[in-house]
>>> print(open('data.txt').read())   # compact mmCIF, C-alpha atoms and all ligand atoms
# COMPACT_ATOMS: atom_id res chain seq x y z
CA MET Q 1 0.00 0.00 0.00
CA ILE Q 2 1.25 3.46 -0.83
CA LYS Q 3 1.17 5.57 2.31
CA ALA Q 4 1.42 9.29 3.00
CA GLN Q 5 5.01 10.48 3.39
CA ARG Q 6 6.56 10.70 6.88
CA GLY Q 7 5.79 14.04 8.46
CA THR Q 8 2.73 14.66 6.29
CA LYS Q 9 -0.90 14.17 7.19
CA ASP Q 10 -4.31 13.81 5.57
CA ILE Q 11 -6.85 16.15 7.12
CA PHE Q 12 -10.47 15.11 6.72
CA GLY Q 13 -13.57 13.91 8.59
CA ASP Q 14 -14.29 15.53 11.98
CA GLU Q 15 -10.89 17.26 12.02
CA ILE Q 16 -11.59 19.37 8.95
CA TYR Q 17 -14.51 21.13 10.68
CA THR Q 18 -12.16 22.48 13.34
CA TRP Q 19 -9.64 23.52 10.68
CA GLN Q 20 -12.36 25.38 8.78
CA TRP Q 21 -13.49 27.07 11.97
CA ILE Q 22 -9.91 28.16 12.76
CA LEU Q 23 -9.62 29.61 9.26
CA ASP Q 24 -12.99 31.36 9.40
CA ASN Q 25 -11.84 33.07 12.59
CA ALA Q 26 -8.52 34.06 11.03
CA LYS Q 27 -10.29 35.58 8.05
CA LYS Q 28 -12.70 37.52 10.25
CA VAL Q 29 -10.13 38.85 12.71
CA PHE Q 30 -7.49 39.80 10.12
CA GLN Q 31 -9.93 41.32 7.66
CA ASN Q 32 -11.51 43.39 10.46
CA ALA Q 33 -8.04 44.79 11.06
CA CYS Q 34 -7.72 45.60 7.32
CA PHE Q 35 -5.28 42.85 6.34
CA SER Q 36 -6.12 41.50 2.89
CA GLU Q 37 -5.41 37.92 1.89
CA ILE Q 38 -2.44 37.08 -0.31
CA LYS Q 39 -1.78 33.76 -2.01
CA THR Q 40 1.74 33.21 -3.26
CA PRO Q 41 3.11 30.11 -5.03
CA ILE Q 42 4.16 27.07 -3.07
CA PHE Q 43 7.50 26.93 -4.86
CA GLU Q 44 9.92 29.74 -5.45
CA ALA Q 45 13.49 30.22 -6.68
CA THR Q 46 15.85 28.61 -4.15
CA GLU Q 47 17.83 31.83 -4.08
CA LEU Q 48 14.87 33.66 -2.54
CA PHE Q 49 15.08 31.58 0.63
CA ALA Q 50 18.89 31.30 0.65
CA ARG Q 51 19.12 35.10 0.63
CA GLY Q 52 15.88 35.88 2.45
CA VAL Q 53 15.82 33.40 5.31
CA GLY Q 54 19.64 33.30 5.44
CA ASP Q 55 22.15 30.64 4.49
CA SER Q 56 23.40 30.25 8.04
CA THR Q 57 19.99 29.08 9.28
CA ASP Q 58 18.95 25.48 9.92
CA ILE Q 59 16.03 25.98 7.52
CA VAL Q 60 18.26 26.80 4.57
CA ASN Q 61 21.13 24.51 5.54
CA LYS Q 62 19.30 21.32 6.38
CA GLU Q 63 15.58 21.55 5.81
CA MET Q 64 14.74 22.72 2.31
CA TYR Q 65 13.02 20.60 -0.31
CA THR Q 66 15.10 21.77 -3.25
CA PHE Q 67 15.07 20.37 -6.74
CA SER Q 68 15.79 21.43 -10.27
CA VAL Q 69 13.52 20.82 -13.16
CA GLY Q 70 14.37 19.38 -16.49
CA GLY Q 71 17.31 18.60 -18.70
CA ALA Q 72 19.05 20.52 -21.40
CA ASP Q 73 15.96 21.86 -23.12
CA LYS Q 74 14.01 22.69 -19.98
CA ASP Q 75 14.27 25.28 -17.28
CA SER Q 76 17.01 23.88 -15.08
CA SER Q 77 16.95 26.56 -12.40
CA SER Q 78 16.83 25.42 -8.78
CA ILE Q 79 13.47 25.70 -7.07
CA THR Q 80 12.40 25.08 -3.47
CA LEU Q 81 9.11 24.26 -1.78
CA ARG Q 82 8.54 27.23 0.51
CA PRO Q 83 9.73 26.56 4.08
CA GLU Q 84 7.98 29.76 5.22
CA ASN Q 85 6.08 32.56 3.56
CA THR Q 86 7.66 35.87 4.57
CA ALA Q 87 10.24 35.71 1.77
CA GLY Q 88 7.53 34.87 -0.80
CA VAL Q 89 5.30 37.75 0.31
CA VAL Q 90 8.26 40.13 0.16
CA ARG Q 91 9.07 38.88 -3.36
CA ALA Q 92 5.47 39.58 -4.42
CA PHE Q 93 5.58 42.98 -2.70
CA ILE Q 94 8.58 43.96 -4.80
CA GLU Q 95 7.52 42.26 -8.04
CA HIS Q 96 4.09 43.91 -8.18
CA ASN Q 97 5.32 47.33 -7.05
CA ILE Q 98 3.05 47.11 -4.04
CA PHE Q 99 5.51 49.39 -2.27
CA ARG Q 100 4.20 52.23 -4.50
CA GLN Q 101 0.82 52.10 -2.73
CA SER Q 102 0.49 54.26 0.32
CA PRO Q 103 1.56 52.44 3.47
CA PRO Q 104 0.73 50.44 5.41
CA GLN Q 105 0.35 47.49 3.06
CA LYS Q 106 -1.15 44.67 5.13
CA PHE Q 107 -1.51 41.01 4.19
CA TRP Q 108 -2.57 37.75 5.77
CA TYR Q 109 -2.14 34.24 4.40
CA PHE Q 110 -2.80 30.58 4.97
CA GLY Q 111 -1.11 27.65 3.32
CA PRO Q 112 1.24 24.68 3.48
CA MET Q 113 4.96 25.04 4.20
CA PHE Q 114 7.65 22.39 3.85
CA ARG Q 115 10.66 21.65 6.03
CA TYR Q 116 12.68 18.47 6.03
CA GLU Q 117 12.74 18.03 9.82
CA ARG Q 118 12.76 14.97 12.02
CA PRO Q 119 9.02 14.36 12.48
CA GLN Q 120 7.74 14.37 16.06
CA ALA Q 121 4.71 15.70 17.92
CA GLY Q 122 4.15 19.26 16.69
CA ARG Q 123 6.83 19.03 14.03
CA GLN Q 124 5.95 17.96 10.53
CA ARG Q 125 7.55 18.06 7.12
CA GLN Q 126 4.44 19.53 5.55
CA PHE Q 127 2.64 21.85 7.94
CA HIS Q 128 0.37 24.86 7.56
CA GLN Q 129 0.80 28.43 8.63
CA ILE Q 130 -1.59 31.32 9.12
CA GLY Q 131 0.41 34.52 9.01
CA VAL Q 132 0.39 38.27 8.73
CA GLU Q 133 2.88 40.69 7.14
CA MET Q 134 2.70 44.49 7.43
CA PHE Q 135 4.87 46.84 5.37
CA GLY Q 136 5.77 50.50 5.44
CA ILE Q 137 5.60 51.51 9.12
CA LYS Q 138 8.77 51.83 11.17
CA GLU Q 139 7.02 53.08 14.30
CA PRO Q 140 6.36 50.56 17.10
CA THR Q 141 2.63 51.10 16.60
CA ALA Q 142 3.00 48.58 13.73
CA ASP Q 143 4.63 46.01 16.03
CA ALA Q 144 1.77 46.56 18.49
CA GLU Q 145 -0.88 46.20 15.76
CA VAL Q 146 0.66 42.96 14.53
CA ILE Q 147 0.97 41.49 18.03
CA LEU Q 148 -2.60 42.61 18.73
CA ALA Q 149 -3.78 40.82 15.56
CA ALA Q 150 -2.09 37.61 16.77
CA VAL Q 151 -3.58 37.90 20.25
CA ASN Q 152 -7.06 38.75 18.94
CA PHE Q 153 -7.00 35.78 16.61
CA LEU Q 154 -5.90 33.45 19.43
CA LYS Q 155 -8.69 34.90 21.58
CA SER Q 156 -11.21 34.21 18.82
CA VAL Q 157 -10.32 30.51 18.92
CA GLY Q 158 -10.48 30.37 22.72
CA LEU Q 159 -6.76 30.81 23.40
CA GLY Q 160 -6.83 34.24 25.01
CA ASP Q 161 -4.70 33.11 27.97
CA LEU Q 162 -1.44 32.67 26.13
CA GLU Q 163 1.35 35.09 26.96
CA VAL Q 164 3.55 36.84 24.41
CA GLU Q 165 7.30 36.43 24.94
CA LEU Q 166 9.28 39.20 23.36
CA ASN Q 167 12.72 40.67 22.95
CA THR Q 168 14.55 43.26 20.93
CA LEU Q 169 17.55 42.34 18.80
CA GLY Q 170 18.32 45.96 18.01
CA CYS Q 171 19.41 47.35 14.66
CA PRO Q 172 22.10 45.64 12.55
CA LYS Q 173 24.80 47.58 14.40
CA CYS Q 174 23.48 46.60 17.86
CA LYS Q 175 23.06 43.02 16.66
CA ASN Q 176 26.61 42.91 15.39
CA ASP Q 177 28.10 44.32 18.60
CA TYR Q 178 26.11 41.79 20.63
CA ARG Q 179 27.16 38.95 18.34
CA ASN Q 180 30.82 39.91 18.79
CA SER Q 181 30.61 40.14 22.56
CA ILE Q 182 28.84 36.76 22.76
CA LYS Q 183 31.59 35.23 20.60
CA GLU Q 184 34.29 36.78 22.74
CA ALA Q 185 32.66 35.55 25.96
CA LEU Q 186 32.11 32.01 24.70
CA LYS Q 187 35.55 31.63 23.11
CA PRO Q 188 37.15 29.98 26.18
CA HIS Q 189 34.26 27.46 26.28
CA LEU Q 190 34.12 26.67 22.59
CA ASN Q 191 35.19 23.05 23.08
CA GLU Q 192 32.50 22.43 25.69
CA LEU Q 193 29.64 23.56 23.43
CA CYS Q 194 27.56 20.97 21.58
CA ASP Q 195 28.41 20.25 17.93
CA ASP Q 196 25.53 22.36 16.64
CA CYS Q 197 26.65 25.31 18.72
CA LYS Q 198 30.24 24.91 17.53
CA MET Q 199 28.90 25.43 14.03
CA ARG Q 200 26.63 28.27 15.10
CA TYR Q 201 29.61 29.95 16.75
CA GLU Q 202 31.08 30.59 13.32
CA LYS Q 203 27.94 31.11 11.28
CA ASN Q 204 25.22 32.44 13.56
CA PRO Q 205 26.41 32.96 17.16
CA LEU Q 206 23.12 34.46 18.40
CA ARG Q 207 21.38 31.15 17.71
CA ILE Q 208 23.58 29.58 20.41
CA LEU Q 209 21.34 31.31 22.97
CA ASP Q 210 18.42 29.20 21.74
CA CYS Q 211 20.21 25.90 22.39
CA LYS Q 212 18.39 23.50 24.70
CA ASN Q 213 21.44 21.24 25.28
CA GLU Q 214 22.07 20.85 29.03
CA ASN Q 215 25.82 21.47 28.82
CA CYS Q 216 25.35 24.59 26.78
CA GLN Q 217 22.70 25.80 29.22
CA LYS Q 218 25.19 25.34 32.09
CA ILE Q 219 27.73 27.47 30.27
CA PHE Q 220 25.14 30.25 29.80
CA GLU Q 221 24.64 30.22 33.58
CA LEU Q 222 28.31 30.99 34.33
CA PRO Q 223 28.37 34.48 35.88
CA GLU Q 224 30.80 35.99 33.35
CA ILE Q 225 28.72 34.63 30.42
CA LYS Q 226 25.39 35.50 31.97
CA GLU Q 227 26.51 39.07 32.44
CA ILE Q 228 27.25 39.41 28.71
CA ILE Q 229 24.09 37.61 27.58
CA TYR Q 230 21.79 39.68 29.75
CA LYS Q 231 23.52 43.00 29.25
CA ASP Q 232 21.39 45.76 27.70
CA TYR Q 233 23.24 46.12 24.46
CA VAL Q 234 20.82 47.94 22.16
CA CYS Q 235 21.37 51.59 21.22
CA GLU Q 236 19.17 54.37 22.55
CA GLU Q 237 16.97 54.52 19.45
CA CYS Q 238 16.29 50.77 19.50
CA SER Q 239 15.74 50.84 23.22
CA ASN Q 240 13.18 53.65 22.87
CA HIS Q 241 11.43 51.75 20.06
CA PHE Q 242 11.09 48.74 22.33
CA SER Q 243 9.92 50.73 25.39
CA GLU Q 244 7.29 52.47 23.29
CA LEU Q 245 6.05 49.09 22.07
CA LEU Q 246 5.81 47.79 25.65
CA GLY Q 247 3.81 50.90 26.54
CA TYR Q 248 1.28 50.11 23.80
CA LEU Q 249 1.03 46.50 24.91
CA ASP Q 250 0.41 47.67 28.48
CA SER Q 251 -2.37 49.98 27.42
CA LEU Q 252 -3.90 47.24 25.25
CA ASN Q 253 -3.78 44.88 28.24
CA ILE Q 254 -1.75 42.33 26.34
CA LYS Q 255 0.06 39.88 28.63
CA TYR Q 256 3.75 39.68 27.81
CA SER Q 257 7.13 38.83 29.29
CA ARG Q 258 10.63 39.78 28.19
CA ASN Q 259 12.85 36.87 27.21
CA LYS Q 260 16.36 38.10 26.57
CA LEU Q 261 17.36 34.74 25.12
CA LEU Q 262 14.73 34.92 22.38
CA VAL Q 263 16.59 35.39 19.09
CA ARG Q 264 14.44 33.41 16.54
CA GLY Q 265 15.79 31.03 13.94
CA LEU Q 266 15.57 33.15 10.79
CA ASP Q 267 18.20 35.73 9.82
CA TYR Q 268 15.99 38.57 8.67
CA TYR Q 269 14.89 39.92 12.05
CA ASN Q 270 15.92 43.18 13.66
CA ARG Q 271 14.50 44.97 16.70
CA THR Q 272 11.28 43.30 17.91
CA VAL Q 273 11.06 39.49 17.96
CA PHE Q 274 8.26 37.58 19.65
CA GLU Q 275 6.82 34.13 20.21
CA ILE Q 276 3.62 32.82 21.75
CA LYS Q 277 4.04 29.47 23.46
CA SER Q 278 1.89 26.91 25.21
CA SER Q 279 3.24 24.34 27.65
CA ALA Q 280 0.46 22.01 26.45
CA LEU Q 281 2.45 21.57 23.22
CA GLY Q 282 5.42 19.86 24.90
CA SER Q 283 8.88 20.45 23.44
CA GLN Q 284 7.61 22.16 20.25
CA SER Q 285 5.90 24.79 22.36
CA ALA Q 286 5.73 27.78 19.98
CA VAL Q 287 2.38 28.30 18.36
CA CYS Q 288 3.37 31.67 16.90
CA GLY Q 289 6.64 33.32 15.92
CA GLY Q 290 7.34 36.68 14.40
CA GLY Q 291 9.07 40.00 14.48
CA ARG Q 292 10.34 43.00 12.59
CA TYR Q 293 12.41 42.62 9.42
CA ASP Q 294 13.23 46.14 8.24
CA GLY Q 295 16.10 45.07 5.96
CA LEU Q 296 14.51 42.25 4.00
CA VAL Q 297 12.70 44.16 1.24
CA GLU Q 298 15.86 46.04 0.31
CA MET Q 299 18.00 42.93 0.61
CA LEU Q 300 15.77 41.17 -1.91
CA GLY Q 301 16.06 44.03 -4.41
CA GLY Q 302 13.24 46.39 -3.38
CA GLN Q 303 13.20 49.86 -1.96
CA ALA Q 304 14.08 50.02 1.76
CA THR Q 305 10.77 49.32 3.56
CA PRO Q 306 10.21 48.58 7.23
CA ALA Q 307 8.11 45.47 7.90
CA VAL Q 308 6.80 43.29 10.70
CA GLY Q 309 4.80 40.05 10.82
CA PHE Q 310 4.22 36.63 12.35
CA ALA Q 311 3.16 33.11 11.46
CA MET Q 312 1.30 30.45 13.45
CA GLY Q 313 1.41 26.70 12.98
CA VAL Q 314 -2.12 25.47 12.30
CA GLU Q 315 -1.38 21.85 13.35
CA ARG Q 316 -0.18 23.19 16.72
CA LEU Q 317 -3.24 25.46 16.99
CA TYR Q 318 -5.43 22.47 16.24
CA THR Q 319 -4.04 20.52 19.21
CA LEU Q 320 -4.80 23.46 21.53
CA VAL Q 321 -8.33 24.47 20.57
CA ASP Q 322 -11.58 22.84 21.70
CA LYS Q 323 -12.75 20.66 18.86
CA ILE Q 324 -15.81 21.66 16.90
CA ASN Q 325 -18.60 19.12 16.62
CA PRO Q 326 -19.05 18.29 12.97
CA LYS Q 327 -22.08 20.02 11.59
CA LYS Q 328 -24.85 17.45 11.50
CA ILE Q 329 -27.03 17.03 8.46
CA ASP Q 330 -30.29 19.00 8.84
CA TYR Q 331 -32.53 16.56 6.95
CA TYR Q 332 -31.91 13.01 5.80
CA ILE Q 333 -34.70 12.18 3.39
CA VAL Q 334 -36.18 8.72 3.90
CA SER Q 335 -38.32 7.70 0.95
CA THR Q 336 -39.15 5.03 -1.58
CA ASP Q 337 -39.44 7.50 -4.45
CA ILE Q 338 -35.94 8.49 -5.55
CA ASN Q 339 -37.17 11.08 -8.10
CA GLU Q 340 -39.23 12.98 -5.53
CA THR Q 341 -36.33 12.65 -3.07
CA MET Q 342 -33.80 14.17 -5.44
CA LYS Q 343 -36.10 17.07 -6.31
CA LEU Q 344 -36.88 17.77 -2.66
CA ALA Q 345 -33.19 17.59 -1.66
CA GLN Q 346 -32.37 20.15 -4.34
CA LYS Q 347 -35.10 22.55 -3.17
CA LEU Q 348 -33.98 22.26 0.46
CA ARG Q 349 -30.30 22.74 -0.45
CA ASP Q 350 -31.28 25.85 -2.43
CA ASN Q 351 -32.53 27.15 0.92
CA ASN Q 352 -29.14 26.60 2.56
CA LEU Q 353 -30.08 23.44 4.41
CA VAL Q 354 -27.69 20.51 4.73
CA VAL Q 355 -29.47 17.57 3.18
CA ASP Q 356 -28.62 14.01 2.20
CA PHE Q 357 -30.45 10.87 1.09
CA ASP Q 358 -29.83 7.28 0.12
CA MET Q 359 -28.65 6.94 -3.46
CA GLN Q 360 -28.81 3.15 -3.44
CA LYS Q 361 -32.60 3.01 -3.00
CA ARG Q 362 -32.22 0.72 0.00
CA LYS Q 363 -35.04 -0.44 2.26
CA PHE Q 364 -36.96 2.15 4.31
CA SER Q 365 -35.60 0.72 7.60
CA LYS Q 366 -31.98 0.92 6.38
CA GLN Q 367 -32.50 4.55 5.35
CA LEU Q 368 -33.96 5.40 8.74
CA GLU Q 369 -31.04 3.69 10.47
CA LYS Q 370 -28.56 5.80 8.46
CA ALA Q 371 -30.59 8.97 9.15
CA SER Q 372 -30.42 8.42 12.89
CA LYS Q 373 -26.62 8.21 12.71
CA VAL Q 374 -25.96 11.36 10.71
CA ALA Q 375 -28.89 13.76 10.82
CA LYS Q 376 -30.88 15.97 13.15
CA TYR Q 377 -34.18 15.10 11.42
CA ALA Q 378 -35.46 12.32 9.19
CA LEU Q 379 -37.72 13.79 6.51
CA ILE Q 380 -40.07 10.97 5.63
CA LEU Q 381 -41.61 10.97 2.21
CA GLY Q 382 -43.62 7.76 1.97
CA GLU Q 383 -46.52 6.86 -0.28
CA ASP Q 384 -49.12 8.56 1.94
CA GLU Q 385 -47.06 11.72 2.20
CA ILE Q 386 -46.61 11.97 -1.56
CA LYS Q 387 -50.26 11.11 -2.29
CA GLU Q 388 -51.70 13.52 0.27
CA GLY Q 389 -49.04 16.24 -0.07
CA PHE Q 390 -47.50 16.51 3.40
CA TYR Q 391 -44.17 15.64 5.05
CA SER Q 392 -43.42 13.64 8.20
CA VAL Q 393 -40.50 15.01 10.16
CA LYS Q 394 -38.94 12.87 12.85
CA ASN Q 395 -36.69 14.51 15.44
CA LEU Q 396 -33.92 11.94 15.75
CA GLU Q 397 -32.85 13.07 19.17
CA THR Q 398 -36.26 12.94 20.89
CA GLY Q 399 -37.98 10.45 18.57
CA GLU Q 400 -40.95 12.80 18.22
CA GLN Q 401 -42.62 12.79 14.79
CA VAL Q 402 -44.77 15.61 13.42
CA LYS Q 403 -46.81 16.22 10.31
CA VAL Q 404 -45.66 19.23 8.26
CA ASN Q 405 -48.10 20.52 5.68
CA SER Q 406 -46.01 22.87 3.58
CA PHE Q 407 -42.52 23.17 2.18
CA ASN Q 408 -42.22 26.65 3.72
CA GLU Q 409 -42.58 25.15 7.18
CA LEU Q 410 -39.70 22.79 6.42
CA ILE Q 411 -37.32 25.63 5.76
CA LYS Q 412 -38.28 27.79 8.74
P1 LIG R 1 8.78 30.14 12.36
O1 LIG R 1 9.03 30.41 13.82
O2 LIG R 1 9.80 29.36 11.64
O3 LIG R 1 8.59 31.57 11.70
O4 LIG R 1 7.38 29.42 12.18
C1 LIG R 1 6.19 29.98 12.74
C2 LIG R 1 5.34 28.88 13.36
O5 LIG R 1 5.11 27.84 12.41
C3 LIG R 1 5.97 28.18 14.55
O6 LIG R 1 5.77 28.92 15.74
C4 LIG R 1 5.20 26.87 14.57
O7 LIG R 1 3.93 27.05 15.21
C5 LIG R 1 4.96 26.59 13.10
N1 LIG R 1 5.96 25.62 12.59
C6 LIG R 1 7.23 25.86 12.19
N2 LIG R 1 7.82 24.72 11.78
C7 LIG R 1 6.92 23.73 11.94
C8 LIG R 1 6.91 22.32 11.70
N3 LIG R 1 7.97 21.69 11.18
N4 LIG R 1 5.78 21.60 11.98
C9 LIG R 1 4.68 22.23 12.49
N5 LIG R 1 4.62 23.56 12.73
C10 LIG R 1 5.72 24.30 12.46
C11 LIG R 1 8.33 31.76 10.36
O8 LIG R 1 8.05 30.90 9.59
C12 LIG R 1 8.34 33.24 9.99
N6 LIG R 1 8.09 33.33 8.55
C13 LIG R 1 7.29 34.00 10.78
C14 LIG R 1 7.25 35.45 10.42
C15 LIG R 1 6.32 36.04 9.61
N7 LIG R 1 8.09 36.38 10.82
C16 LIG R 1 7.73 37.54 10.28
N8 LIG R 1 6.69 37.33 9.54
>>> encode(input="data.txt", output="structure tokens")
Amino acid sequence: MIKAQRGTKDIFGDEIYTWQWILDNAKKVFQNACFSEIKTPIFEATELFARGVGDSTDIVNKEMYTFSVGGADKDSSSITLRPENTAGVVRAFIEHNIFRQSPPQKFWYFGPMFRYERPQAGRQRQFHQIGVEMFGIKEPTADAEVILAAVNFLKSVGLGDLEVELNTLGCPKCKNDYRNSIKEALKPHLNELCDDCKMRYEKNPLRILDCKNENCQKIFELPEIKEIIYKDYVCEECSNHFSELLGYLDSLNIKYSRNKLLVRGLDYYNRTVFEIKSSALGSQSAVCGGGRYDGLVEMLGGQATPAVGFAMGVERLYTLVDKINPKKIDYYIVSTDINETMKLAQKLRDNNLVVDFDMQKRKFSKQLEKASKVAKYALILGEDEIKEGFYSVKNLETGEQVKVNSFNELIK
């Protein structure tokens, strides 16, 4: 038997109702806040992610589904299934001159992403993200708006209790100074770091702070290292940007905490970074990750444009939300006359009712049995009903049966 690939999942049956509900809420909340939907392709030029996400990141180094198409007479350029969607949205922003419109330009999206990771609970190779990207506003009001959109959406799906963890990475200069002092401080301990961190030390030293390895954690606790890690290193302008943001979050009553070790795993961030986590998710605890990326549009060939956004993992959201009961069928028609049944089903469906019937023309009792499993009401259309022009409607929860004389009463 051919099975679904490791780290991928079919979503159907009862589960799909909850997914649809999550998406309906996303659409409502983001569109109320004037984000419009954007759909970008699932594959893009590999270079977009190598430059955009950063070639020192795990995503680009180890996790991309990259392939090239064709032989001599075909397009042989390298393409990649998108591991995330910020780079794709930025590409579209530049390609369609969206930057010429008056800011802010605000988008939301939903779709599958692909990362070749070791599958485990909360970590898949094909997963889905709901995200938001806002362009054109450098003021921290934009960071606050974006965080508010994330919190409001989580509230709409019953997850209003989750706290936002946030940090500021500063501008490229602050980030660079911090990176150098971390490298300097960790130099004497280089041999004690885990293999991943040894690599990060050269390529992406800030990512070392994210390491969960016990030995590495012990090193971070050494007083001389701790002092460097926790030092306030950002310049005055970046520090003011961050304080102003915290002020907005306070006045919006958004619960947050500062996590100075939060650096995020993608290279494009500067200043604000944030995550929303839930302990109910176990080791893959982040349901949402985002931040500011003021340099990305220019780096990918556009005009310098400040930007901020986030993405949430829908599979992780799904494990956290209360599950929706699948919508039961309104009427299951039980009848011996398939022509009348099909006509009646059509009329009822035209009136927005959820209706089904037996297409195999099975016995009355079999039809009734099926109705009681799937529907709220059995709509009985037997010989008497057809001859005399009425309907019998049986409430399948209470067992009560009533005579209904007109079609209009059926659709009330
Ligand atoms: P990210 O932190 O890589 O950020 O992913 C965002 C969210 O996607 C995570 O918090 C998690 O819920 C979900 N996620 C990531 N990888 C997996 C996986 N393998 N399986 C299941 N869920 C996963 C980004 O992707 C950035 N583009 C977010 C962003 C938008 N920053 C600014 N704008």
>>> closest_atom_pairs(input="data.txt", of="chain Q", to="ligand LIG 1 (chain R)", cutoff="7 Å", atoms="only C-alpha atoms and all ligand atoms", output="JSON lines")
{"residue": "Q:Glu84", "atom": "CA", "partner": "R:LIG1", "partner_atom": "O8", "distance": 4.5}
{"residue": "Q:Asn85", "atom": "CA", "partner": "R:LIG1", "partner_atom": "N6", "distance": 5.4}
{"residue": "Q:Thr86", "atom": "CA", "partner": "R:LIG1", "partner_atom": "N6", "distance": 4.7}
{"residue": "Q:Arg115", "atom": "CA", "partner": "R:LIG1", "partner_atom": "N3", "distance": 5.8}
{"residue": "Q:Glu117", "atom": "CA", "partner": "R:LIG1", "partner_atom": "N3", "distance": 6.2}
{"residue": "Q:Gly122", "atom": "CA", "partner": "R:LIG1", "partner_atom": "C9", "distance": 5.2}
{"residue": "Q:Arg123", "atom": "CA", "partner": "R:LIG1", "partner_atom": "N4", "distance": 3.5}
{"residue": "Q:Gln124", "atom": "CA", "partner": "R:LIG1", "partner_atom": "N4", "distance": 3.9}
{"residue": "Q:Arg125", "atom": "CA", "partner": "R:LIG1", "partner_atom": "N3", "distance": 5.5}
{"residue": "Q:Gln126", "atom": "CA", "partner": "R:LIG1", "partner_atom": "N4", "distance": 6.9}
{"residue": "Q:Phe127", "atom": "CA", "partner": "R:LIG1", "partner_atom": "C9", "distance": 5.0}
{"residue": "Q:His128", "atom": "CA", "partner": "R:LIG1", "partner_atom": "N5", "distance": 6.8}
{"residue": "Q:Gln129", "atom": "CA", "partner": "R:LIG1", "partner_atom": "O5", "distance": 5.8}
{"residue": "Q:Gly131", "atom": "CA", "partner": "R:LIG1", "partner_atom": "C15", "distance": 6.1}
{"residue": "Q:Val132", "atom": "CA", "partner": "R:LIG1", "partner_atom": "C15", "distance": 6.4}
{"residue": "Q:Glu133", "atom": "CA", "partner": "R:LIG1", "partner_atom": "N8", "distance": 5.6}
{"residue": "Q:Arg264", "atom": "CA", "partner": "R:LIG1", "partner_atom": "O1", "distance": 6.8}
{"residue": "Q:Gly265", "atom": "CA", "partner": "R:LIG1", "partner_atom": "O2", "distance": 6.6}
{"residue": "Q:Leu266", "atom": "CA", "partner": "R:LIG1", "partner_atom": "O2", "distance": 7.0}
{"residue": "Q:Glu275", "atom": "CA", "partner": "R:LIG1", "partner_atom": "O6", "distance": 6.9}
{"residue": "Q:Ala286", "atom": "CA", "partner": "R:LIG1", "partner_atom": "O6", "distance": 4.4}
{"residue": "Q:Val287", "atom": "CA", "partner": "R:LIG1", "partner_atom": "O7", "distance": 3.7}
{"residue": "Q:Cys288", "atom": "CA", "partner": "R:LIG1", "partner_atom": "O6", "distance": 3.8}
{"residue": "Q:Gly289", "atom": "CA", "partner": "R:LIG1", "partner_atom": "O1", "distance": 4.3}
{"residue": "Q:Gly290", "atom": "CA", "partner": "R:LIG1", "partner_atom": "N7", "distance": 3.7}
{"residue": "Q:Gly291", "atom": "CA", "partner": "R:LIG1", "partner_atom": "C16", "distance": 5.0}
{"residue": "Q:Arg292", "atom": "CA", "partner": "R:LIG1", "partner_atom": "C16", "distance": 6.5}
{"residue": "Q:Tyr293", "atom": "CA", "partner": "R:LIG1", "partner_atom": "C16", "distance": 7.0}
{"residue": "Q:Val308", "atom": "CA", "partner": "R:LIG1", "partner_atom": "C16", "distance": 5.8}
{"residue": "Q:Gly309", "atom": "CA", "partner": "R:LIG1", "partner_atom": "N8", "distance": 3.6}
{"residue": "Q:Phe310", "atom": "CA", "partner": "R:LIG1", "partner_atom": "C15", "distance": 3.5}
{"residue": "Q:Ala311", "atom": "CA", "partner": "R:LIG1", "partner_atom": "C13", "distance": 4.3}
{"residue": "Q:Met312", "atom": "CA", "partner": "R:LIG1", "partner_atom": "C2", "distance": 4.3}
{"residue": "Q:Gly313", "atom": "CA", "partner": "R:LIG1", "partner_atom": "O7", "distance": 3.4}
{"residue": "Q:Val314", "atom": "CA", "partner": "R:LIG1", "partner_atom": "O7", "distance": 6.9}
{"residue": "Q:Glu315", "atom": "CA", "partner": "R:LIG1", "partner_atom": "C9", "distance": 6.1}
{"residue": "Q:Arg316", "atom": "CA", "partner": "R:LIG1", "partner_atom": "O7", "distance": 5.8}
>>> residues_around(input="data.txt", residues="region 107-109 of chain Q", least_positions_apart="6", cutoff="9 Å", atoms="all atoms listed in the file", output="PyMOL selection string")
chain Q and resi 26-27+30-31+34-40+85+89+129-135+311
>>> residues_near_point(input="data.txt", point="(-33.4, 13.0, 18.4)", cutoff="10 Å", atoms="all atoms listed in the file", output="tab-separated table (two decimals) with C-alpha atoms, keeping the file's coordinate frame")
chain	number	residue	atom	x	y	z
Q	372	SER	CA	-30.42	8.42	12.89
Q	375	ALA	CA	-28.89	13.76	10.82
Q	376	LYS	CA	-30.88	15.97	13.15
Q	377	TYR	CA	-34.18	15.10	11.42
Q	378	ALA	CA	-35.46	12.32	9.19
Q	394	LYS	CA	-38.94	12.87	12.85
Q	395	ASN	CA	-36.69	14.51	15.44
Q	396	LEU	CA	-33.92	11.94	15.75
Q	397	GLU	CA	-32.85	13.07	19.17
Q	398	THR	CA	-36.26	12.94	20.89
Q	399	GLY	CA	-37.98	10.45	18.57
Q	400	GLU	CA	-40.95	12.80	18.22
Q	401	GLN	CA	-42.62	12.79	14.79
>>> atom_distance(input="data.txt", atom1="CA of Glu15 (chain Q)", atom2="CA of Ala345 (chain Q)")
26.2 Å
>>> residues_around(input="data.txt", residues="Gly52 (chain Q)", least_positions_apart="6", cutoff="10 Å", atoms="all atoms listed in the file", output="list in words")
Thr46, Val60, Thr86, Ala87, Gly88, Val90, Arg91, Leu266, Asp267, Tyr268, Gly295, Leu296, Val297, Met299 and Leu300 of chain Q
